[in-house]
Amino acid sequence: MKRIAFLLALALATSLSQGQQSTTPQHGALPSSSSTYATTRVEGTDNVYIFRNVAHQAMFVVTPEGVIATDPVAYGRPNGGQLFLDEIRKVTNQPVKYVIYSHHHFDHIAGGQVFKDAGAIFVAHRRAKERLELIKDPHTVLPDEVVPDTGRVITLGGTRLELTYHGLNHSDSTLVMRLPKERIIFVVDTIPVGTLPGRGMIDFYPLETEDFLRQVLSMEWDRLIPGHPGVPGGRLGTKKDVQDQLELLQAASAEMKKLGQEGKCWDQAEKEFRMPGYANWPGYPNNLQFIARRFCGLWGRGT
Ligand SMILES: [Zn+2]
Ligand SMILES: [Zn+2]
């Protein structure tokens, strides 16, 4: 996912630097320049922002009593956390009160030390904390507080942010963050917007994800901020994107189920695996292998 999203961002940056007009609808997340990072306010809101660093995105919300930030998105970028904080400082002088992790993967949550030093409280799902305590990544701040499976609500300066857990999906620690007033959700990696899933399939739970997606579809929201810029044009997601991912996963599963149950996993099945209906989707040639491998694990091994 990271590589594909990066390539997409690169293509986007290239097309912008060549002065080409995007023909795609713009939903407020498109960077206004070809810079490697950008901060944009989400259209139609007073205080909801997206910080993009190359091909990773975080949401932050500014309130009169402080800022709620999310993933520091600074894996492999020693100054990435500081950059994020500097970008927030361009918008407000309010202190960052919370940093909330979307899930436990370092490419999204590394780099939070500057926020910790400034006094922010780190919040994550309980499984994220368990995992982070085990691995002790030197660049990733441990959560101070955990969200139980029953969820938690953060209220700050008139903003209500609901953190809910919907079971296994792209990870076992993913929180759905919902702003009920703005009807916006922030969900990272489980719901690629306009692309095939890729490397993110590695610790993915295929069957459980279908249920996760149905739960997200049943929630009240209009726009989805993804953890990687939506395609095309850095757009935000809609319920149609969630439905599309659900159908994509079901198609992949059905295709590999045949091959797996014919005894063809791994090599033969992975060679034969195709998703013809998705051949023109961004990410198809590079990401198909990751989808095939994961569903071979399911239907060829029971994993
Ligand atoms: Zn992830
Ligand atoms: Zn990701």
# chains A, B, ... in the order shown; residues from 1 in each chain; ligands from 1

$ residues_around --residues "Asp107 (chain A)" --least-positions-apart "3" --cutoff "7 Å" --atoms "only C-alpha atoms" --output "ChimeraX atom specification"
/A:73-75,110

$ write_last_selection --atoms "C-alpha atoms" --output "tab-separated table (two decimals), in the first residue's frame"
chain	number	residue	atom	x	y	z
A	73	VAL	CA	2.76	9.66	9.74
A	74	ALA	CA	6.54	9.95	10.14
A	75	TYR	CA	7.95	6.47	9.51
A	110	ALA	CA	5.80	6.54	14.10

$ residues_near_ligand --ligand "ligand 1" --cutoff "8 Å" --atoms "only C-alpha atoms and all ligand atoms" --output "list in words"
His103, His104, His105, Phe106, Asp107, His108, His170, Ser171, Val188, Asp189, Thr190 and Gly200 of chain A

$ closest_residue --among "A:Asp211, A:Asp71, A:Glu65, A:Glu270" --to "ligand 2" --atoms "only C-alpha atoms and all ligand atoms"
A:Asp71

$ select_by_dssp --residues "region 84-187 of chain A" --states "alpha helix (DSSP H)" --output "PyMOL selection string"
chain A and resi 84-91+106-109+113-117+126-135

$ closest_residue --among "A:His56, A:Arg77, A:Arg89, A:Arg235" --to "ligand 2" --atoms "only C-alpha atoms and all ligand atoms"
A:His56

$ atom_distance --atom1 "CA of Pro282 (chain A)" --atom2 "CA of Pro197 (chain A)"
9.8 Å

$ closest_residue --among "A:Leu161, A:Leu288, A:Val187, A:Leu248" --to "ligand 2" --atoms "only C-alpha atoms and all ligand atoms"
A:Val187

$ residues_around --residues "Pro206 (chain A)" --least-positions-apart "3" --cutoff "12 Å" --atoms "only C-alpha atoms" --output "PDB file with N, CA and C atoms, in the first residue's frame"
ATOM      1  N   GLY A 167     -14.028  -4.867  15.294  1.00  0.00           N
ATOM      2  CA  GLY A 167     -13.454  -6.191  15.091  1.00  0.00           C
ATOM      3  C   GLY A 167     -12.261  -6.176  14.156  1.00  0.00           C
ATOM      4  N   LEU A 168     -11.863  -7.382  13.754  1.00  0.00           N
ATOM      5  CA  LEU A 168     -10.668  -7.549  12.923  1.00  0.00           C
ATOM      6  C   LEU A 168     -10.928  -7.012  11.519  1.00  0.00           C
ATOM      7  N   ASN A 169      -9.905  -6.436  10.913  1.00  0.00           N
ATOM      8  CA  ASN A 169     -10.036  -5.943   9.533  1.00  0.00           C
ATOM      9  C   ASN A 169      -8.655  -5.880   8.895  1.00  0.00           C
ATOM     10  N   HIS A 170      -8.202  -4.712   8.463  1.00  0.00           N
ATOM     11  CA  HIS A 170      -6.839  -4.582   7.941  1.00  0.00           C
ATOM     12  C   HIS A 170      -5.815  -4.878   9.045  1.00  0.00           C
ATOM     13  N   SER A 171      -6.172  -4.554  10.261  1.00  0.00           N
ATOM     14  CA  SER A 171      -5.345  -4.908  11.418  1.00  0.00           C
ATOM     15  C   SER A 171      -6.295  -5.407  12.501  1.00  0.00           C
ATOM     16  N   ASP A 172      -5.736  -5.728  13.658  1.00  0.00           N
ATOM     17  CA  ASP A 172      -6.616  -6.123  14.768  1.00  0.00           C
ATOM     18  C   ASP A 172      -6.797  -4.960  15.747  1.00  0.00           C
ATOM     19  N   THR A 190      -7.930   0.155   5.778  1.00  0.00           N
ATOM     20  CA  THR A 190      -8.908  -0.902   5.504  1.00  0.00           C
ATOM     21  C   THR A 190      -9.742  -0.584   4.269  1.00  0.00           C
ATOM     22  N   PRO A 197      -6.271  -2.768  -2.715  1.00  0.00           N
ATOM     23  CA  PRO A 197      -5.372  -2.911  -1.562  1.00  0.00           C
ATOM     24  C   PRO A 197      -4.085  -3.601  -2.006  1.00  0.00           C
ATOM     25  N   GLY A 200      -0.737  -3.821   2.370  1.00  0.00           N
ATOM     26  CA  GLY A 200      -1.541  -3.830   3.584  1.00  0.00           C
ATOM     27  C   GLY A 200      -2.292  -5.123   3.793  1.00  0.00           C
ATOM     28  N   MET A 201      -2.275  -6.027   2.810  1.00  0.00           N
ATOM     29  CA  MET A 201      -2.947  -7.315   2.965  1.00  0.00           C
ATOM     30  C   MET A 201      -2.183  -8.249   3.894  1.00  0.00           C
ATOM     31  N   ILE A 202      -0.953  -7.902   4.257  1.00  0.00           N
ATOM     32  CA  ILE A 202      -0.090  -8.883   4.909  1.00  0.00           C
ATOM     33  C   ILE A 202      -0.653  -9.411   6.227  1.00  0.00           C
ATOM     34  N   ASP A 203      -1.217  -8.538   7.046  1.00  0.00           N
ATOM     35  CA  ASP A 203      -1.828  -9.044   8.286  1.00  0.00           C
ATOM     36  C   ASP A 203      -3.328  -8.764   8.310  1.00  0.00           C
ATOM     37  N   THR A 209     -13.096  -8.735   7.617  1.00  0.00           N
ATOM     38  CA  THR A 209     -13.145  -7.394   7.026  1.00  0.00           C
ATOM     39  C   THR A 209     -14.476  -7.138   6.337  1.00  0.00           C
ATOM     40  N   GLU A 210     -15.041  -8.183   5.752  1.00  0.00           N
ATOM     41  CA  GLU A 210     -16.344  -7.982   5.102  1.00  0.00           C
ATOM     42  C   GLU A 210     -17.368  -7.485   6.122  1.00  0.00           C
ATOM     43  N   ASP A 211     -17.323  -8.067   7.309  1.00  0.00           N
ATOM     44  CA  ASP A 211     -18.256  -7.637   8.355  1.00  0.00           C
ATOM     45  C   ASP A 211     -17.930  -6.212   8.817  1.00  0.00           C
ATOM     46  N   PHE A 212     -16.630  -5.933   8.939  1.00  0.00           N
ATOM     47  CA  PHE A 212     -16.204  -4.577   9.312  1.00  0.00           C
ATOM     48  C   PHE A 212     -16.772  -3.552   8.325  1.00  0.00           C
ATOM     49  N   LEU A 213     -16.646  -3.868   7.032  1.00  0.00           N
ATOM     50  CA  LEU A 213     -17.110  -2.914   6.015  1.00  0.00           C
ATOM     51  C   LEU A 213     -18.621  -2.725   6.086  1.00  0.00           C
ATOM     52  N   GLN A 245     -15.087  -1.618  -2.197  1.00  0.00           N
ATOM     53  CA  GLN A 245     -14.056  -2.462  -1.578  1.00  0.00           C
ATOM     54  C   GLN A 245     -14.649  -3.788  -1.123  1.00  0.00           C
ATOM     55  N   LEU A 246     -15.850  -3.721  -0.590  1.00  0.00           N
ATOM     56  CA  LEU A 246     -16.508  -4.949  -0.146  1.00  0.00           C
ATOM     57  C   LEU A 246     -16.672  -5.907  -1.328  1.00  0.00           C
ATOM     58  N   LEU A 248     -15.010  -5.883  -4.144  1.00  0.00           N
ATOM     59  CA  LEU A 248     -13.671  -6.283  -4.613  1.00  0.00           C
ATOM     60  C   LEU A 248     -13.144  -7.463  -3.787  1.00  0.00           C
ATOM     61  N   LEU A 249     -13.280  -7.359  -2.482  1.00  0.00           N
ATOM     62  CA  LEU A 249     -12.784  -8.433  -1.610  1.00  0.00           C
ATOM     63  C   LEU A 249     -13.591  -9.712  -1.812  1.00  0.00           C
ATOM     64  N   GLN A 250     -14.888  -9.549  -2.010  1.00  0.00           N
ATOM     65  CA  GLN A 250     -15.721 -10.733  -2.240  1.00  0.00           C
ATOM     66  C   GLN A 250     -15.351 -11.406  -3.564  1.00  0.00           C
ATOM     67  N   ALA A 251     -15.051 -10.598  -4.583  1.00  0.00           N
ATOM     68  CA  ALA A 251     -14.649 -11.149  -5.881  1.00  0.00           C
ATOM     69  C   ALA A 251     -13.313 -11.881  -5.758  1.00  0.00           C
ATOM     70  N   ALA A 252     -12.377 -11.248  -5.054  1.00  0.00           N
ATOM     71  CA  ALA A 252     -11.054 -11.860  -4.864  1.00  0.00           C
ATOM     72  C   ALA A 252     -11.185 -13.172  -4.096  1.00  0.00           C
ATOM     73  N   SER A 253     -12.014 -13.150  -3.081  1.00  0.00           N
ATOM     74  CA  SER A 253     -12.179 -14.324  -2.245  1.00  0.00           C
ATOM     75  C   SER A 253     -12.785 -15.479  -3.045  1.00  0.00           C
ATOM     76  N   ALA A 254     -13.819 -15.180  -3.832  1.00  0.00           N
ATOM     77  CA  ALA A 254     -14.485 -16.221  -4.613  1.00  0.00           C
ATOM     78  C   ALA A 254     -13.521 -16.831  -5.631  1.00  0.00           C
ATOM     79  N   MET A 256     -10.156 -16.939  -5.521  1.00  0.00           N
ATOM     80  CA  MET A 256      -9.101 -17.748  -4.898  1.00  0.00           C
ATOM     81  C   MET A 256      -9.664 -18.968  -4.177  1.00  0.00           C
ATOM     82  N   LYS A 257     -10.911 -18.893  -3.782  1.00  0.00           N
ATOM     83  CA  LYS A 257     -11.538 -20.058  -3.137  1.00  0.00           C
ATOM     84  C   LYS A 257     -11.499 -21.271  -4.078  1.00  0.00           C
ATOM     85  N   ILE A 291      -2.900  -9.477  -2.910  1.00  0.00           N
ATOM     86  CA  ILE A 291      -4.264  -9.974  -2.698  1.00  0.00           C
ATOM     87  C   ILE A 291      -4.272 -11.494  -2.868  1.00  0.00           C
ATOM     88  N   ALA A 292      -3.609 -11.961  -3.935  1.00  0.00           N
ATOM     89  CA  ALA A 292      -3.557 -13.409  -4.202  1.00  0.00           C
ATOM     90  C   ALA A 292      -2.924 -14.147  -3.031  1.00  0.00           C
ATOM     91  N   ARG A 293      -1.807 -13.645  -2.544  1.00  0.00           N
ATOM     92  CA  ARG A 293      -1.092 -14.310  -1.448  1.00  0.00           C
ATOM     93  C   ARG A 293      -1.966 -14.421  -0.202  1.00  0.00           C
ATOM     94  N   ARG A 294      -2.650 -13.328   0.114  1.00  0.00           N
ATOM     95  CA  ARG A 294      -3.453 -13.340   1.343  1.00  0.00           C
ATOM     96  C   ARG A 294      -4.636 -14.304   1.236  1.00  0.00           C
ATOM     97  N   PHE A 295      -5.291 -14.299   0.074  1.00  0.00           N
ATOM     98  CA  PHE A 295      -6.454 -15.188  -0.068  1.00  0.00           C
ATOM     99  C   PHE A 295      -6.026 -16.639  -0.265  1.00  0.00           C
ATOM    100  N   CYS A 296      -4.810 -16.875  -0.780  1.00  0.00           N
ATOM    101  CA  CYS A 296      -4.257 -18.241  -0.787  1.00  0.00           C
ATOM    102  C   CYS A 296      -4.085 -18.722   0.656  1.00  0.00           C
ATOM    103  N   GLY A 297      -3.634 -17.812   1.496  1.00  0.00           N
ATOM    104  CA  GLY A 297      -3.497 -18.152   2.916  1.00  0.00           C
ATOM    105  C   GLY A 297      -4.833 -18.600   3.494  1.00  0.00           C
ATOM    106  N   LEU A 298      -5.879 -17.893   3.084  1.00  0.00           N
ATOM    107  CA  LEU A 298      -7.218 -18.225   3.600  1.00  0.00           C
ATOM    108  C   LEU A 298      -7.728 -19.547   3.045  1.00  0.00           C
ATOM    109  N   TRP A 299      -7.788 -19.638   1.702  1.00  0.00           N
ATOM    110  CA  TRP A 299      -8.471 -20.793   1.090  1.00  0.00           C
ATOM    111  C   TRP A 299      -7.557 -21.978   0.862  1.00  0.00           C
ATOM    112  N   GLY A 302      -6.317 -22.107   5.313  1.00  0.00           N
ATOM    113  CA  GLY A 302      -7.256 -21.892   6.422  1.00  0.00           C
ATOM    114  C   GLY A 302      -6.825 -20.780   7.365  1.00  0.00           C
ATOM    115  N   THR A 303      -5.885 -19.968   6.877  1.00  0.00           N
ATOM    116  CA  THR A 303      -5.322 -18.933   7.738  1.00  0.00           C
ATOM    117  C   THR A 303      -5.959 -17.569   7.512  1.00  0.00           C
TER     118      THR A 303
END

$ residues_around --residues "Met59 (chain A)" --least-positions-apart "3" --cutoff "10 Å" --atoms "only C-alpha atoms" --output "list of chain:residue names"
A:Thr39, A:Thr40, A:Arg41, A:Val42, A:Val48, A:Tyr49, A:Ile50, A:Phe51, A:Arg52, A:Ile68, A:Ala69, A:Thr70, A:Asp71, A:Pro72, A:Ile100, A:Met177, A:Ile185, A:Phe186, A:Val187, A:Ile225, A:Pro226, A:Gly227

$ write_last_selection --atoms "N, CA and C atoms" --output "compact mmCIF listing (two decimals), in the first residue's frame"
# COMPACT_ATOMS: atom_id res chain seq x y z
N THR A 39 -1.22 20.77 4.02
CA THR A 39 -2.30 20.79 5.01
C THR A 39 -3.50 21.46 4.38
N THR A 40 -4.63 20.78 4.41
CA THR A 40 -5.83 21.34 3.79
C THR A 40 -7.01 21.23 4.75
N ARG A 41 -7.83 22.26 4.75
CA ARG A 41 -9.05 22.19 5.54
C ARG A 41 -10.10 21.45 4.73
N VAL A 42 -10.83 20.58 5.38
CA VAL A 42 -11.85 19.82 4.67
C VAL A 42 -13.01 20.75 4.34
N VAL A 48 -11.77 21.00 10.60
CA VAL A 48 -11.26 19.65 10.33
C VAL A 48 -10.23 19.75 9.21
N TYR A 49 -9.04 19.24 9.47
CA TYR A 49 -7.92 19.38 8.53
C TYR A 49 -7.33 18.01 8.19
N ILE A 50 -6.70 17.98 7.01
CA ILE A 50 -5.91 16.82 6.62
C ILE A 50 -4.47 17.26 6.46
N PHE A 51 -3.58 16.57 7.17
CA PHE A 51 -2.14 16.76 6.95
C PHE A 51 -1.66 15.59 6.12
N ARG A 52 -1.05 15.90 4.96
CA ARG A 52 -0.51 14.85 4.11
C ARG A 52 1.01 14.95 4.07
N ILE A 68 -7.11 18.01 18.54
CA ILE A 68 -7.08 16.55 18.52
C ILE A 68 -6.35 16.15 17.24
N ALA A 69 -5.18 15.55 17.39
CA ALA A 69 -4.43 15.09 16.22
C ALA A 69 -4.57 13.57 16.12
N THR A 70 -4.18 13.04 14.96
CA THR A 70 -4.19 11.58 14.81
C THR A 70 -2.78 11.16 14.41
N ASP A 71 -2.65 10.18 13.56
CA ASP A 71 -1.36 9.56 13.24
C ASP A 71 -0.26 10.57 12.89
N PRO A 72 0.92 10.45 13.49
CA PRO A 72 2.04 11.35 13.14
C PRO A 72 2.61 11.13 11.73
N ILE A 100 -4.29 10.45 18.51
CA ILE A 100 -5.05 9.19 18.48
C ILE A 100 -4.55 8.34 17.31
N MET A 177 -12.77 6.56 13.50
CA MET A 177 -12.95 7.85 14.18
C MET A 177 -14.05 8.60 13.45
N ILE A 185 -15.78 10.46 8.68
CA ILE A 185 -15.02 9.43 9.39
C ILE A 185 -13.58 9.42 8.87
N PHE A 186 -12.67 9.00 9.76
CA PHE A 186 -11.26 8.81 9.40
C PHE A 186 -10.95 7.34 9.66
N VAL A 187 -10.65 6.62 8.59
CA VAL A 187 -10.33 5.19 8.70
C VAL A 187 -9.09 4.95 7.84
N ILE A 225 -12.20 10.27 5.27
CA ILE A 225 -10.80 10.69 5.07
C ILE A 225 -9.96 9.42 5.14
N PRO A 226 -9.27 9.09 4.05
CA PRO A 226 -8.45 7.87 4.06
C PRO A 226 -7.03 8.15 4.53
N GLY A 227 -6.32 7.12 4.92
CA GLY A 227 -4.93 7.25 5.39
C GLY A 227 -3.94 7.45 4.25

$ select_by_dssp --residues "region 28-272 of chain A" --states "strand (DSSP E or B)" --output "PyMOL selection string"
chain A and resi 37-41+48-53+56-63+66-69+96-100+121-125+145-147+152-156+159-165+175-179+184-187+223-226+230+235+237

$ residues_around --residues "Gln94 (chain A)" --least-positions-apart "6" --cutoff "12 Å" --atoms "only C-alpha atoms" --output "VMD selection string"
chain A and resid 61 to 69 85 88 118 120 156 to 157

$ write_last_selection --atoms "N, CA and C atoms" --output "PDB file, in the first residue's frame"
ATOM      1  N   VAL A  61      -8.221  18.009  14.255  1.00  0.00           N
ATOM      2  CA  VAL A  61      -9.396  18.838  14.517  1.00  0.00           C
ATOM      3  C   VAL A  61      -8.994  19.928  15.498  1.00  0.00           C
ATOM      4  N   VAL A  62      -9.279  21.163  15.132  1.00  0.00           N
ATOM      5  CA  VAL A  62      -8.917  22.316  15.966  1.00  0.00           C
ATOM      6  C   VAL A  62     -10.153  22.762  16.742  1.00  0.00           C
ATOM      7  N   THR A  63     -10.011  22.901  18.054  1.00  0.00           N
ATOM      8  CA  THR A  63     -11.135  23.383  18.872  1.00  0.00           C
ATOM      9  C   THR A  63     -10.627  24.535  19.742  1.00  0.00           C
ATOM     10  N   PRO A  64     -11.553  25.281  20.360  1.00  0.00           N
ATOM     11  CA  PRO A  64     -11.134  26.391  21.223  1.00  0.00           C
ATOM     12  C   PRO A  64     -10.400  25.932  22.478  1.00  0.00           C
ATOM     13  N   GLU A  65     -10.430  24.633  22.765  1.00  0.00           N
ATOM     14  CA  GLU A  65      -9.744  24.133  23.960  1.00  0.00           C
ATOM     15  C   GLU A  65      -8.549  23.251  23.638  1.00  0.00           C
ATOM     16  N   GLY A  66      -8.162  23.216  22.382  1.00  0.00           N
ATOM     17  CA  GLY A  66      -7.007  22.405  22.020  1.00  0.00           C
ATOM     18  C   GLY A  66      -7.254  21.626  20.744  1.00  0.00           C
ATOM     19  N   VAL A  67      -6.203  20.922  20.327  1.00  0.00           N
ATOM     20  CA  VAL A  67      -6.235  20.199  19.055  1.00  0.00           C
ATOM     21  C   VAL A  67      -6.287  18.701  19.326  1.00  0.00           C
ATOM     22  N   ILE A  68      -7.110  18.012  18.537  1.00  0.00           N
ATOM     23  CA  ILE A  68      -7.081  16.550  18.522  1.00  0.00           C
ATOM     24  C   ILE A  68      -6.353  16.152  17.243  1.00  0.00           C
ATOM     25  N   ALA A  69      -5.180  15.547  17.392  1.00  0.00           N
ATOM     26  CA  ALA A  69      -4.428  15.090  16.222  1.00  0.00           C
ATOM     27  C   ALA A  69      -4.566  13.570  16.119  1.00  0.00           C
ATOM     28  N   LEU A  85       3.620  19.000  13.495  1.00  0.00           N
ATOM     29  CA  LEU A  85       3.337  19.980  14.546  1.00  0.00           C
ATOM     30  C   LEU A  85       3.458  21.414  14.004  1.00  0.00           C
ATOM     31  N   ILE A  88       0.384  22.250  12.112  1.00  0.00           N
ATOM     32  CA  ILE A  88      -0.732  22.572  13.017  1.00  0.00           C
ATOM     33  C   ILE A  88      -0.558  23.994  13.556  1.00  0.00           C
ATOM     34  N   ALA A 118       5.340  17.832  24.053  1.00  0.00           N
ATOM     35  CA  ALA A 118       4.481  19.014  24.219  1.00  0.00           C
ATOM     36  C   ALA A 118       3.270  18.726  25.096  1.00  0.00           C
ATOM     37  N   ALA A 120       0.904  16.055  24.854  1.00  0.00           N
ATOM     38  CA  ALA A 120      -0.290  15.386  24.324  1.00  0.00           C
ATOM     39  C   ALA A 120      -0.497  14.022  24.986  1.00  0.00           C
ATOM     40  N   LEU A 156     -13.940  17.683  23.238  1.00  0.00           N
ATOM     41  CA  LEU A 156     -13.004  18.774  23.487  1.00  0.00           C
ATOM     42  C   LEU A 156     -13.495  20.027  22.763  1.00  0.00           C
ATOM     43  N   GLY A 157     -13.648  21.095  23.528  1.00  0.00           N
ATOM     44  CA  GLY A 157     -13.989  22.392  22.922  1.00  0.00           C
ATOM     45  C   GLY A 157     -15.183  22.352  21.986  1.00  0.00           C
TER      46      GLY A 157
END
